[in-house]
file upload-v5.tsv (TSV, C-alpha atoms and all ligand atoms)
chain	number	residue	atom	x	y	z
A	75	MET	CA	14.07	-144.71	-44.97
A	76	ALA	CA	15.06	-141.92	-42.59
A	77	HIS	CA	16.54	-139.43	-45.07
A	78	GLN	CA	15.03	-136.41	-43.27
A	79	LEU	CA	14.08	-134.92	-46.66
A	80	LEU	CA	11.61	-132.61	-44.91
A	81	ALA	CA	13.71	-131.63	-41.90
A	82	GLY	CA	12.77	-128.12	-40.76
A	83	LYS	CA	9.69	-127.99	-43.01
A	84	LYS	CA	6.16	-127.28	-41.82
A	85	GLY	CA	3.11	-128.55	-43.63
A	86	ILE	CA	-0.68	-128.90	-43.56
A	87	VAL	CA	-2.25	-132.23	-44.54
A	88	PHE	CA	-5.95	-132.30	-45.41
A	89	GLY	CA	-8.05	-135.45	-45.58
A	90	ALA	CA	-6.71	-138.11	-43.19
A	91	LEU	CA	-9.93	-139.86	-42.14
A	92	ASP	CA	-8.68	-143.31	-41.16
A	93	GLU	CA	-5.67	-145.55	-41.71
A	94	HIS	CA	-6.79	-146.28	-45.29
A	95	SER	CA	-6.79	-142.61	-46.33
A	96	ILE	CA	-3.99	-141.64	-48.69
A	97	ALA	CA	-3.46	-138.52	-46.54
A	98	TRP	CA	-2.95	-140.72	-43.46
A	99	HIS	CA	0.05	-142.36	-45.15
A	100	VAL	CA	1.31	-138.97	-46.37
A	101	ALA	CA	1.17	-137.54	-42.84
A	102	GLU	CA	3.06	-140.54	-41.43
A	103	LYS	CA	5.78	-140.36	-44.10
A	104	CYS	CA	6.16	-136.56	-43.81
A	105	ALA	CA	6.62	-136.86	-40.05
A	106	GLU	CA	9.09	-139.71	-40.58
A	107	GLN	CA	11.06	-137.39	-42.91
A	108	GLY	CA	11.31	-134.69	-40.24
A	109	ALA	CA	8.36	-132.39	-41.04
A	110	LYS	CA	6.27	-130.61	-38.42
A	111	LEU	CA	2.60	-131.07	-39.25
A	112	CYS	CA	-0.86	-129.66	-38.86
A	113	LEU	CA	-3.62	-132.13	-39.72
A	114	THR	CA	-7.05	-130.92	-40.77
A	115	ASN	CA	-10.40	-132.41	-41.67
A	116	THR	CA	-14.10	-131.61	-41.25
A	117	PRO	CA	-15.50	-131.23	-37.72
A	118	VAL	CA	-17.46	-134.50	-38.33
A	119	ALA	CA	-14.26	-136.37	-39.21
A	120	LEU	CA	-12.61	-134.94	-36.08
A	121	ARG	CA	-15.50	-136.25	-33.97
A	122	MET	CA	-14.95	-139.76	-35.36
A	123	GLY	CA	-11.71	-139.62	-33.42
A	124	LYS	CA	-9.23	-141.63	-35.50
A	125	ILE	CA	-7.43	-138.53	-36.74
A	126	GLN	CA	-6.96	-137.44	-33.10
A	127	ASP	CA	-4.91	-140.60	-32.51
A	128	LEU	CA	-2.80	-139.91	-35.59
A	129	ALA	CA	-2.21	-136.30	-34.54
A	130	SER	CA	-1.06	-137.27	-31.07
A	131	ARG	CA	1.16	-140.08	-32.41
A	132	LEU	CA	2.83	-137.69	-34.90
A	133	ASN	CA	2.94	-134.81	-32.42
A	134	ALA	CA	0.94	-132.78	-34.95
A	135	SER	CA	-1.63	-130.10	-34.28
A	136	LEU	CA	-5.21	-130.75	-35.33
A	137	ILE	CA	-7.54	-128.04	-36.61
A	138	GLY	CA	-11.07	-128.65	-37.90
A	139	ALA	CA	-11.99	-126.93	-41.18
A	140	ASP	CA	-14.59	-127.39	-43.88
A	141	ALA	CA	-12.50	-126.96	-47.05
A	142	THR	CA	-15.38	-125.12	-48.75
A	143	SER	CA	-15.54	-122.40	-46.05
A	144	LEU	CA	-13.31	-119.36	-46.63
A	145	GLU	CA	-13.67	-118.47	-42.96
A	146	ASP	CA	-12.52	-121.92	-41.83
A	147	LEU	CA	-9.60	-121.86	-44.27
A	148	GLU	CA	-8.45	-118.46	-43.04
A	149	THR	CA	-8.61	-119.61	-39.41
A	150	LEU	CA	-6.78	-122.83	-40.28
A	151	LEU	CA	-3.94	-121.02	-42.06
A	152	LYS	CA	-3.59	-118.32	-39.38
A	153	GLN	CA	-3.64	-120.80	-36.49
A	154	SER	CA	-1.18	-123.16	-38.12
A	155	MET	CA	1.24	-120.30	-38.82
A	156	GLU	CA	0.96	-119.30	-35.16
A	157	GLN	CA	1.65	-122.85	-34.03
A	158	PHE	CA	4.51	-123.31	-36.51
A	159	GLY	CA	5.94	-119.91	-35.62
A	160	GLY	CA	6.27	-119.04	-39.31
A	161	LYS	CA	5.04	-119.64	-42.82
A	162	ILE	CA	3.89	-122.95	-44.28
A	163	ASP	CA	6.25	-124.91	-46.57
A	164	PHE	CA	3.84	-127.46	-48.02
A	165	ILE	CA	0.15	-128.39	-48.23
A	166	LEU	CA	-1.59	-131.59	-49.33
A	167	HIS	CA	-5.18	-131.18	-50.56
A	168	SER	CA	-6.61	-134.71	-50.25
A	169	VAL	CA	-10.30	-133.89	-50.29
A	170	GLY	CA	-13.08	-135.39	-52.37
A	171	MET	CA	-16.77	-136.21	-52.07
A	172	SER	CA	-19.73	-136.65	-54.41
A	173	MET	CA	-23.29	-136.92	-53.12
A	174	ASN	CA	-24.34	-138.16	-56.57
A	175	VAL	CA	-21.92	-141.10	-56.18
A	176	ARG	CA	-23.00	-141.64	-52.58
A	177	LYS	CA	-26.70	-141.64	-53.44
A	178	GLY	CA	-26.24	-143.79	-56.54
A	179	LYS	CA	-27.39	-141.07	-58.98
A	180	PRO	CA	-26.13	-141.97	-62.48
A	181	TYR	CA	-24.31	-139.39	-64.66
A	182	THR	CA	-27.38	-139.13	-66.92
A	183	ASP	CA	-29.66	-138.27	-63.98
A	184	LEU	CA	-27.52	-135.98	-61.83
A	185	ASN	CA	-28.94	-134.00	-58.97
A	186	TYR	CA	-27.54	-130.50	-59.72
A	187	GLU	CA	-27.45	-129.37	-56.11
A	188	TYR	CA	-25.28	-132.38	-55.40
A	189	LEU	CA	-23.16	-131.54	-58.46
A	190	HIS	CA	-22.49	-128.05	-57.09
A	191	LYS	CA	-21.41	-129.63	-53.80
A	192	THR	CA	-19.17	-132.12	-55.61
A	193	LEU	CA	-17.43	-129.30	-57.48
A	194	ASP	CA	-17.16	-127.09	-54.40
A	195	ILE	CA	-15.76	-129.79	-52.10
A	196	SER	CA	-13.59	-131.66	-54.58
A	197	ALA	CA	-12.23	-128.85	-56.80
A	198	ILE	CA	-13.16	-125.25	-55.93
A	199	SER	CA	-11.92	-125.81	-52.35
A	200	PHE	CA	-8.42	-126.08	-53.90
A	201	HIS	CA	-8.80	-122.58	-55.36
A	202	LYS	CA	-10.26	-121.26	-52.10
A	203	LEU	CA	-7.32	-122.71	-50.17
A	204	MET	CA	-4.70	-121.19	-52.47
A	205	GLN	CA	-6.43	-117.81	-52.75
A	206	THR	CA	-6.72	-117.58	-48.96
A	207	ALA	CA	-3.09	-118.66	-48.53
A	208	MET	CA	-1.89	-116.12	-51.10
A	209	ASN	CA	-3.89	-113.28	-49.51
A	210	LEU	CA	-2.40	-114.11	-46.11
A	211	ASP	CA	1.07	-114.55	-47.64
A	212	ALA	CA	1.08	-117.83	-45.74
A	213	ILE	CA	3.37	-119.95	-47.94
A	214	SER	CA	7.18	-119.80	-47.83
A	215	GLU	CA	9.13	-119.07	-51.01
A	216	TRP	CA	9.81	-122.34	-52.84
A	217	GLY	CA	6.88	-123.91	-50.99
A	218	SER	CA	5.00	-126.84	-52.56
A	219	ILE	CA	1.25	-127.39	-52.87
A	220	LEU	CA	-0.23	-130.70	-54.04
A	221	ALA	CA	-3.70	-132.08	-54.72
A	222	LEU	CA	-4.67	-135.68	-55.43
A	223	THR	CA	-6.56	-136.49	-58.60
A	224	TYR	CA	-7.58	-139.38	-60.86
A	225	ILE	CA	-7.19	-140.17	-64.59
A	226	ALA	CA	-10.99	-140.01	-65.05
A	227	ALA	CA	-10.24	-136.28	-65.62
A	228	GLN	CA	-8.81	-137.25	-69.05
A	229	ARG	CA	-10.37	-140.63	-69.97
A	230	ILE	CA	-13.82	-142.03	-69.47
A	231	PHE	CA	-14.49	-144.25	-66.46
A	232	PRO	CA	-18.31	-144.22	-66.42
A	233	ASP	CA	-18.74	-145.15	-62.75
A	234	TYR	CA	-16.55	-142.21	-61.66
A	235	ASN	CA	-19.58	-140.05	-62.43
A	236	ASP	CA	-19.46	-136.31	-61.63
A	237	MET	CA	-16.14	-136.77	-59.80
A	238	ALA	CA	-14.55	-136.93	-63.29
A	239	ASP	CA	-15.70	-133.36	-63.96
A	240	ALA	CA	-14.53	-132.28	-60.51
A	241	LYS	CA	-11.07	-133.76	-61.13
A	242	ALA	CA	-10.81	-132.01	-64.53
A	243	LEU	CA	-11.57	-128.72	-62.78
A	244	LEU	CA	-9.18	-129.49	-59.91
A	245	GLU	CA	-6.30	-130.14	-62.31
A	246	SER	CA	-7.06	-126.98	-64.25
A	247	ILE	CA	-7.09	-124.94	-61.04
A	248	GLY	CA	-3.70	-126.45	-60.18
A	249	ARG	CA	-2.26	-125.27	-63.51
A	250	SER	CA	-3.87	-121.83	-63.40
A	251	TYR	CA	-2.95	-121.11	-59.80
A	252	GLY	CA	0.50	-122.57	-60.40
A	253	TYR	CA	1.16	-119.70	-62.80
A	254	HIS	CA	0.10	-117.03	-60.29
A	255	PHE	CA	1.72	-118.61	-57.24
A	256	GLY	CA	4.94	-119.28	-59.17
A	257	THR	CA	5.19	-115.79	-60.61
A	258	HIS	CA	4.36	-113.92	-57.42
A	259	LYS	CA	5.74	-116.14	-54.66
A	260	LYS	CA	7.94	-118.89	-56.20
A	261	VAL	CA	5.47	-121.44	-54.87
A	262	ARG	CA	4.88	-124.58	-56.95
A	263	VAL	CA	1.51	-126.25	-57.49
A	264	ASN	CA	1.05	-129.78	-58.86
A	265	THR	CA	-1.54	-132.54	-58.94
A	266	ILE	CA	-0.76	-136.24	-58.50
A	267	SER	CA	-2.95	-138.66	-60.42
A	268	GLN	CA	-3.05	-141.76	-58.23
A	269	SER	CA	-4.04	-145.38	-58.98
A	270	PRO	CA	-7.35	-146.71	-57.62
A	271	THR	CA	-6.86	-147.21	-53.87
A	272	PHE	CA	-9.15	-148.84	-51.30
A	273	THR	CA	-10.26	-145.92	-49.10
A	274	THR	CA	-13.62	-144.54	-47.97
A	275	ALA	CA	-13.81	-142.15	-50.96
A	276	GLY	CA	-12.39	-144.69	-53.45
A	277	SER	CA	-14.63	-147.59	-52.47
A	278	GLY	CA	-17.71	-145.40	-52.98
A	279	VAL	CA	-17.22	-145.63	-56.75
A	280	GLY	CA	-19.45	-148.29	-58.34
A	281	HIS	CA	-17.87	-151.73	-59.04
A	282	PHE	CA	-14.69	-150.55	-57.32
A	283	GLN	CA	-13.20	-154.03	-56.87
A	284	GLU	CA	-13.49	-154.80	-60.61
A	285	PHE	CA	-12.20	-151.32	-61.44
A	286	PHE	CA	-9.22	-151.85	-59.10
A	287	ASP	CA	-8.44	-155.31	-60.53
A	288	TYR	CA	-8.62	-154.05	-64.13
A	289	ALA	CA	-6.19	-151.17	-63.40
A	290	ASP	CA	-3.89	-153.54	-61.53
A	291	LYS	CA	-3.68	-155.90	-64.52
A	292	MET	CA	-3.34	-153.07	-67.02
A	293	SER	CA	-0.41	-151.41	-65.18
A	294	PRO	CA	3.02	-152.98	-65.79
A	295	LEU	CA	3.98	-152.25	-62.17
A	296	GLY	CA	0.51	-152.94	-60.77
A	297	ASN	CA	-1.57	-150.36	-58.91
A	298	ALA	CA	0.41	-147.91	-56.81
A	299	PRO	CA	-0.47	-148.32	-53.12
A	300	ALA	CA	-1.18	-145.38	-50.79
A	301	SER	CA	2.19	-145.79	-49.07
A	302	ALA	CA	4.02	-145.32	-52.41
A	303	CYS	CA	1.86	-142.27	-53.14
A	304	ALA	CA	2.96	-140.91	-49.77
A	305	ASP	CA	6.64	-141.44	-50.70
A	306	PHE	CA	6.04	-139.51	-53.91
A	307	CYS	CA	4.34	-136.66	-52.03
A	308	VAL	CA	7.37	-136.44	-49.73
A	309	VAL	CA	9.65	-136.00	-52.75
A	310	MET	CA	7.30	-133.38	-54.22
A	311	PHE	CA	7.37	-131.47	-50.93
A	312	SER	CA	11.15	-131.69	-50.68
A	313	ASP	CA	13.68	-129.27	-52.19
A	314	LEU	CA	14.64	-131.97	-54.73
A	315	THR	CA	11.66	-131.01	-56.92
A	316	ARG	CA	11.74	-127.23	-56.53
A	317	MET	CA	11.53	-126.50	-60.29
A	318	VAL	CA	8.53	-128.79	-60.93
A	319	THR	CA	5.27	-126.89	-61.18
A	320	MET	CA	1.90	-126.78	-62.97
A	321	GLN	CA	2.11	-130.51	-63.73
A	322	ASN	CA	-0.37	-133.33	-63.45
A	323	ILE	CA	1.91	-136.25	-62.62
A	324	TYR	CA	0.75	-139.84	-62.94
A	325	HIS	CA	1.54	-142.09	-60.01
A	326	ASP	CA	-0.11	-145.19	-61.38
A	327	GLY	CA	2.34	-148.01	-62.13
A	328	GLY	CA	2.28	-147.07	-65.84
A	329	PHE	CA	-1.51	-147.34	-66.35
A	330	SER	CA	-1.90	-143.96	-68.08
A	331	THR	CA	0.50	-144.86	-70.91
A	332	MET	CA	-0.94	-148.30	-71.68
A	333	GLY	CA	-3.30	-148.96	-74.59
A	334	MET	CA	-3.80	-152.67	-74.07
A	335	ASN	CA	-2.08	-155.13	-71.80
A	336	PRO	CA	-2.26	-158.81	-72.80
A	337	ALA	CA	-2.63	-159.62	-69.10
A	338	VAL	CA	-6.11	-158.07	-69.18
A	339	LEU	CA	-7.12	-160.42	-72.01
A	340	ASN	CA	-5.45	-163.40	-70.32
A	341	ILE	CA	-3.15	-163.90	-73.34
A	342	ARG	CA	0.66	-163.97	-73.35
A	343	ALA	CA	2.64	-160.83	-74.23
B	1	LIG	N1	-9.01	-143.79	-53.47
B	1	LIG	C1	-8.77	-143.67	-54.77
B	1	LIG	O1	-8.96	-144.63	-55.56
B	1	LIG	C2	-8.23	-142.38	-55.30
B	1	LIG	C3	-7.56	-142.37	-56.55
B	1	LIG	C4	-7.09	-141.16	-57.05
B	1	LIG	C5	-7.30	-139.99	-56.32
B	1	LIG	N2	-7.96	-140.04	-55.11
B	1	LIG	C6	-8.18	-138.79	-54.38
B	1	LIG	O2	-7.44	-138.81	-53.18
B	1	LIG	C7	-8.04	-137.88	-52.28
B	1	LIG	C8	-8.18	-138.54	-50.92
B	1	LIG	O3	-9.14	-139.56	-50.95
B	1	LIG	P1	-8.94	-141.00	-50.29
B	1	LIG	O4	-9.06	-141.99	-51.39
B	1	LIG	O5	-7.76	-141.01	-49.43
B	1	LIG	O6	-10.29	-141.16	-49.44
B	1	LIG	P2	-10.72	-140.64	-47.98
B	1	LIG	O7	-12.20	-140.86	-47.93
B	1	LIG	O8	-9.91	-141.31	-46.94
B	1	LIG	O9	-10.39	-139.09	-48.01
B	1	LIG	C9	-11.27	-138.09	-48.47
B	1	LIG	C10	-11.23	-137.00	-47.42
B	1	LIG	O10	-11.97	-135.85	-47.83
B	1	LIG	C11	-12.47	-135.28	-46.62
B	1	LIG	N3	-13.51	-134.29	-46.90
B	1	LIG	C12	-14.72	-134.52	-47.48
B	1	LIG	N4	-15.42	-133.35	-47.51
B	1	LIG	C13	-14.61	-132.40	-46.96
B	1	LIG	C14	-14.77	-131.01	-46.72
B	1	LIG	N5	-15.89	-130.36	-47.05
B	1	LIG	N6	-13.76	-130.34	-46.11
B	1	LIG	C15	-12.61	-130.98	-45.76
B	1	LIG	N7	-12.41	-132.29	-45.98
B	1	LIG	C16	-13.41	-132.99	-46.56
B	1	LIG	C17	-12.99	-136.51	-45.88
B	1	LIG	O11	-13.28	-136.25	-44.52
B	1	LIG	C18	-11.83	-137.47	-46.09
B	1	LIG	O12	-10.86	-137.33	-45.08
B	1	LIG	C19	-9.36	-137.44	-52.92
B	1	LIG	O13	-9.17	-136.22	-53.60
B	1	LIG	C20	-9.60	-138.56	-53.91
B	1	LIG	O14	-10.46	-138.18	-54.98
B	1	LIG	C21	-8.40	-141.21	-54.58

call {"tool": "encode", "arguments": {"input": "upload-v5.tsv", "output": "structure tokens"}}
result
Amino acid sequence: MAHQLLAGKKGIVFGALDEHSIAWHVAEKCAEQGAKLCLTNTPVALRMGKIQDLASRLNASLIGADATSLEDLETLLKQSMEQFGGKIDFILHSVGMSMNVRKGKPYTDLNYEYLHKTLDISAISFHKLMQTAMNLDAISEWGSILALTYIAAQRIFPDYNDMADAKALLESIGRSYGYHFGTHKKVRVNTISQSPTFTTAGSGVGHFQEFFDYADKMSPLGNAPASACADFCVVMFSDLTRMVTMQNIYHDGGFSTMGMNPAVLNIRA
């Protein structure tokens, strides 16, 4: 599928940890479509080494940054503009983490320090990124910024825990910043609400296999895999979607529109 939809474009991809990461697939597809890339993740993720292999394979630069640190974000944006020799055309925010989920704290017994971290890493970092980018005038006109989210922002999935609140905030930040970035710089901001996907972050959610199987049966097209999410991100970064902004777009095989699917109840439609 070598359409070169992103030929001449330069983008930053957050969150490729290993080959399961959604961002890993996005980086591969963006490179395949002709984009020049800068990959970024936490210094710890960089030390794990897998992202280094991806960066060298895609001929991308690699810059460590904690997405909650304004200083790191400023350095990341400045250095990538230097390396690109110009402004940035697209950014994928593919960042999420909850210590409450990791430590098995239920929603009715949250550790509030962990909750602050969840919100900072998984949602407020999106605001920090866009505010820093706007202050530096780092994004090209008609640029495209995306973040990945999940339907637990709108409906209750009890095991999603405090990440549900983080995703609600993330989507709201996307809409709010979309107004400002659109008005001032003609930059679009959207969130993509992806199906359950087996990744390090995804599998941390309690009963993930059952959760995955349920969504798969409920969705007329089945769960959307990471590679299809990557295809969709490519289109959202391309000029073909330049008038789409401030949207939360479901990429979920139809799950979000279903009420009941007979397949879930093992009865015929
Ligand atoms: N896997 C799913 O089922 C699913 C479904 C819908 C949405 N999402 C979202 O997709 C995004 C990517 O997650 P994934 O499923 O690919 O898992 P992943 O674990 O591969 O990616 C999460 C990434 O966040 C990075 N990260 C964590 N803290 C960070 C920080 N402080 N600064 C910078 N980076 C940090 C991690 O290093 C990792 O690369 C997340 O926002 C996640 O919530 C995932």

call {"tool": "residues_around", "arguments": {"input": "upload-v5.tsv", "residues": "Ser168 of chain A", "least_positions_apart": "4", "cutoff": "9 Å", "atoms": "all atoms listed in the file", "output": "PyMOL selection string"}}
result
chain A and resi 87-90+95-97+196+220-223

call {"tool": "residues_near_ligand", "arguments": {"input": "upload-v5.tsv", "ligand": "ligand LIG 1 (chain B)", "cutoff": "7 Å", "atoms": "all atoms listed in the file", "output": "PyMOL selection string"}}
result
chain A and resi 88-92+94-97+115-116+119+139-142+168-171+195-196+221-224+267-277

call {"tool": "atom_distance", "arguments": {"input": "upload-v5.tsv", "atom1": "atom CA of Cys104 of chain A", "atom2": "atom CA of Ile247 of chain A"}}
result
24.6 Å

call {"tool": "closest_residue", "arguments": {"input": "upload-v5.tsv", "among": "A:His167, A:Gly123, A:Val118, A:Ala207", "to": "Leu147 of chain A", "atoms": "all atoms listed in the file"}}
result
A:Ala207

call {"tool": "atom_distance", "arguments": {"input": "upload-v5.tsv", "atom1": "atom CA of Ala101 of chain A", "atom2": "atom CA of Pro294 of chain A"}}
result
27.7 Å

call {"tool": "atom_distance", "arguments": {"input": "upload-v5.tsv", "atom1": "atom CA of Lys83 of chain A", "atom2": "atom CA of Arg121 of chain A"}}
result
28.0 Å

call {"tool": "residues_around", "arguments": {"input": "upload-v5.tsv", "residues": "Val279 of chain A", "least_positions_apart": "3", "cutoff": "10 Å", "atoms": "all atoms listed in the file", "output": "PDB file with C-alpha atoms, keeping the file's coordinate frame"}}
result
ATOM      1  CA  SER A 172     -19.730-136.650 -54.410  1.00  0.00           C
ATOM      2  CA  VAL A 175     -21.920-141.100 -56.180  1.00  0.00           C
ATOM      3  CA  ARG A 176     -23.000-141.640 -52.580  1.00  0.00           C
ATOM      4  CA  GLY A 178     -26.240-143.790 -56.540  1.00  0.00           C
ATOM      5  CA  PRO A 232     -18.310-144.220 -66.420  1.00  0.00           C
ATOM      6  CA  ASP A 233     -18.740-145.150 -62.750  1.00  0.00           C
ATOM      7  CA  TYR A 234     -16.550-142.210 -61.660  1.00  0.00           C
ATOM      8  CA  ASN A 235     -19.580-140.050 -62.430  1.00  0.00           C
ATOM      9  CA  MET A 237     -16.140-136.770 -59.800  1.00  0.00           C
ATOM     10  CA  PRO A 270      -7.350-146.710 -57.620  1.00  0.00           C
ATOM     11  CA  THR A 274     -13.620-144.540 -47.970  1.00  0.00           C
ATOM     12  CA  ALA A 275     -13.810-142.150 -50.960  1.00  0.00           C
ATOM     13  CA  GLY A 276     -12.390-144.690 -53.450  1.00  0.00           C
ATOM     14  CA  PHE A 282     -14.690-150.550 -57.320  1.00  0.00           C
ATOM     15  CA  GLN A 283     -13.200-154.030 -56.870  1.00  0.00           C
ATOM     16  CA  PHE A 285     -12.200-151.320 -61.440  1.00  0.00           C
TER      17      PHE A 285
END

call {"tool": "residues_near_point", "arguments": {"input": "upload-v5.tsv", "point": "(12.7, -135.9, -45.0)", "cutoff": "6 Å", "atoms": "only C-alpha atoms", "output": "PyMOL selection string"}}
result
chain A and resi 77-81+107-108

call {"tool": "closest_residue", "arguments": {"input": "upload-v5.tsv", "among": "A:Ala242, A:Ile125, A:Ala105, A:Met208", "to": "Phe255 of chain A", "atoms": "all atoms listed in the file"}}
result
A:Met208

call {"tool": "closest_residue", "arguments": {"input": "upload-v5.tsv", "among": "A:Cys303, A:Asp236, A:Asp313, A:Arg229", "to": "Gly333 of chain A", "atoms": "all atoms listed in the file"}}
result
A:Arg229

call {"tool": "residues_around", "arguments": {"input": "upload-v5.tsv", "residues": "segment 315-323 of chain A", "least_positions_apart": "4", "cutoff": "6 Å", "atoms": "only C-alpha atoms", "output": "list in words"}}
result
Arg249, Gly252, Arg262, Val263, Asn264, Thr265, Ile266, Ser267 and Met310 of chain A

call {"tool": "decode", "arguments": {"input": "upload-v5.tsv", "residues": "segment 197-220 of chain A", "atoms": "N, CA and C atoms", "output": "mmCIF file, in the first residue's frame"}}
result
data_model
loop_
_atom_site.group_PDB
_atom_site.id
_atom_site.type_symbol
_atom_site.label_atom_id
_atom_site.label_comp_id
_atom_site.auth_asym_id
_atom_site.auth_seq_id
_atom_site.Cartn_x
_atom_site.Cartn_y
_atom_site.Cartn_z
ATOM 1 N N ALA A 197 -3.401 12.247 30.360
ATOM 2 C CA ALA A 197 -4.290 13.281 29.806
ATOM 3 C C ALA A 197 -3.636 14.663 29.783
ATOM 4 N N ILE A 198 -3.152 15.138 30.940
ATOM 5 C CA ILE A 198 -2.641 16.517 30.992
ATOM 6 C C ILE A 198 -1.395 16.662 30.109
ATOM 7 N N SER A 199 -0.655 15.566 29.931
ATOM 8 C CA SER A 199 0.519 15.601 29.040
ATOM 9 C C SER A 199 0.106 16.039 27.633
ATOM 10 N N PHE A 200 -1.120 15.729 27.233
ATOM 11 C CA PHE A 200 -1.600 16.118 25.890
ATOM 12 C C PHE A 200 -1.734 17.644 25.823
ATOM 13 N N HIS A 201 -2.238 18.233 26.915
ATOM 14 C CA HIS A 201 -2.324 19.699 26.968
ATOM 15 C C HIS A 201 -0.925 20.302 26.989
ATOM 16 N N LYS A 202 -0.056 19.727 27.827
ATOM 17 C CA LYS A 202 1.317 20.255 27.935
ATOM 18 C C LYS A 202 2.013 20.226 26.573
ATOM 19 N N LEU A 203 1.819 19.137 25.857
ATOM 20 C CA LEU A 203 2.438 18.993 24.535
ATOM 21 C C LEU A 203 1.936 20.076 23.585
ATOM 22 N N MET A 204 0.618 20.281 23.563
ATOM 23 C CA MET A 204 0.057 21.242 22.599
ATOM 24 C C MET A 204 0.381 22.678 23.008
ATOM 25 N N GLN A 205 0.355 22.953 24.311
ATOM 26 C CA GLN A 205 0.686 24.313 24.756
ATOM 27 C C GLN A 205 2.141 24.643 24.422
ATOM 28 N N THR A 206 3.026 23.678 24.658
ATOM 29 C CA THR A 206 4.446 23.905 24.358
ATOM 30 C C THR A 206 4.622 24.092 22.848
ATOM 31 N N ALA A 207 3.941 23.255 22.066
ATOM 32 C CA ALA A 207 4.068 23.345 20.605
ATOM 33 C C ALA A 207 3.530 24.679 20.103
ATOM 34 N N MET A 208 2.423 25.133 20.689
ATOM 35 C CA MET A 208 1.847 26.406 20.232
ATOM 36 C C MET A 208 2.774 27.573 20.592
ATOM 37 N N ASN A 209 3.320 27.545 21.815
ATOM 38 C CA ASN A 209 4.230 28.617 22.234
ATOM 39 C C ASN A 209 5.467 28.693 21.355
ATOM 40 N N LEU A 210 5.924 27.533 20.898
ATOM 41 C CA LEU A 210 7.127 27.507 20.043
ATOM 42 C C LEU A 210 6.773 27.708 18.569
ATOM 43 N N ASP A 211 5.479 27.801 18.281
ATOM 44 C CA ASP A 211 4.999 27.853 16.893
ATOM 45 C C ASP A 211 5.625 26.708 16.087
ATOM 46 N N ALA A 212 5.515 25.505 16.664
ATOM 47 C CA ALA A 212 6.244 24.351 16.124
ATOM 48 C C ALA A 212 5.465 23.566 15.077
ATOM 49 N N ILE A 213 4.154 23.823 14.939
ATOM 50 C CA ILE A 213 3.348 22.984 14.039
ATOM 51 C C ILE A 213 3.018 23.752 12.754
ATOM 52 N N SER A 214 3.170 23.070 11.623
ATOM 53 C CA SER A 214 2.860 23.696 10.325
ATOM 54 C C SER A 214 1.370 23.986 10.222
ATOM 55 N N GLU A 215 1.008 24.973 9.430
ATOM 56 C CA GLU A 215 -0.411 25.208 9.112
ATOM 57 C C GLU A 215 -0.984 23.946 8.499
ATOM 58 N N TRP A 216 -2.201 23.618 8.841
ATOM 59 C CA TRP A 216 -2.892 22.404 8.389
ATOM 60 C C TRP A 216 -2.239 21.135 8.926
ATOM 61 N N GLY A 217 -1.462 21.294 10.017
ATOM 62 C CA GLY A 217 -0.899 20.134 10.703
ATOM 63 C C GLY A 217 -1.995 19.341 11.414
ATOM 64 N N SER A 218 -1.646 18.135 11.865
ATOM 65 C CA SER A 218 -2.639 17.232 12.464
ATOM 66 C C SER A 218 -2.085 16.606 13.743
ATOM 67 N N ILE A 219 -2.849 16.731 14.830
ATOM 68 C CA ILE A 219 -2.424 16.163 16.117
ATOM 69 C C ILE A 219 -3.473 15.155 16.561
ATOM 70 N N LEU A 220 -3.008 13.965 16.957
ATOM 71 C CA LEU A 220 -3.921 12.887 17.368
ATOM 72 C C LEU A 220 -3.523 12.348 18.732
#
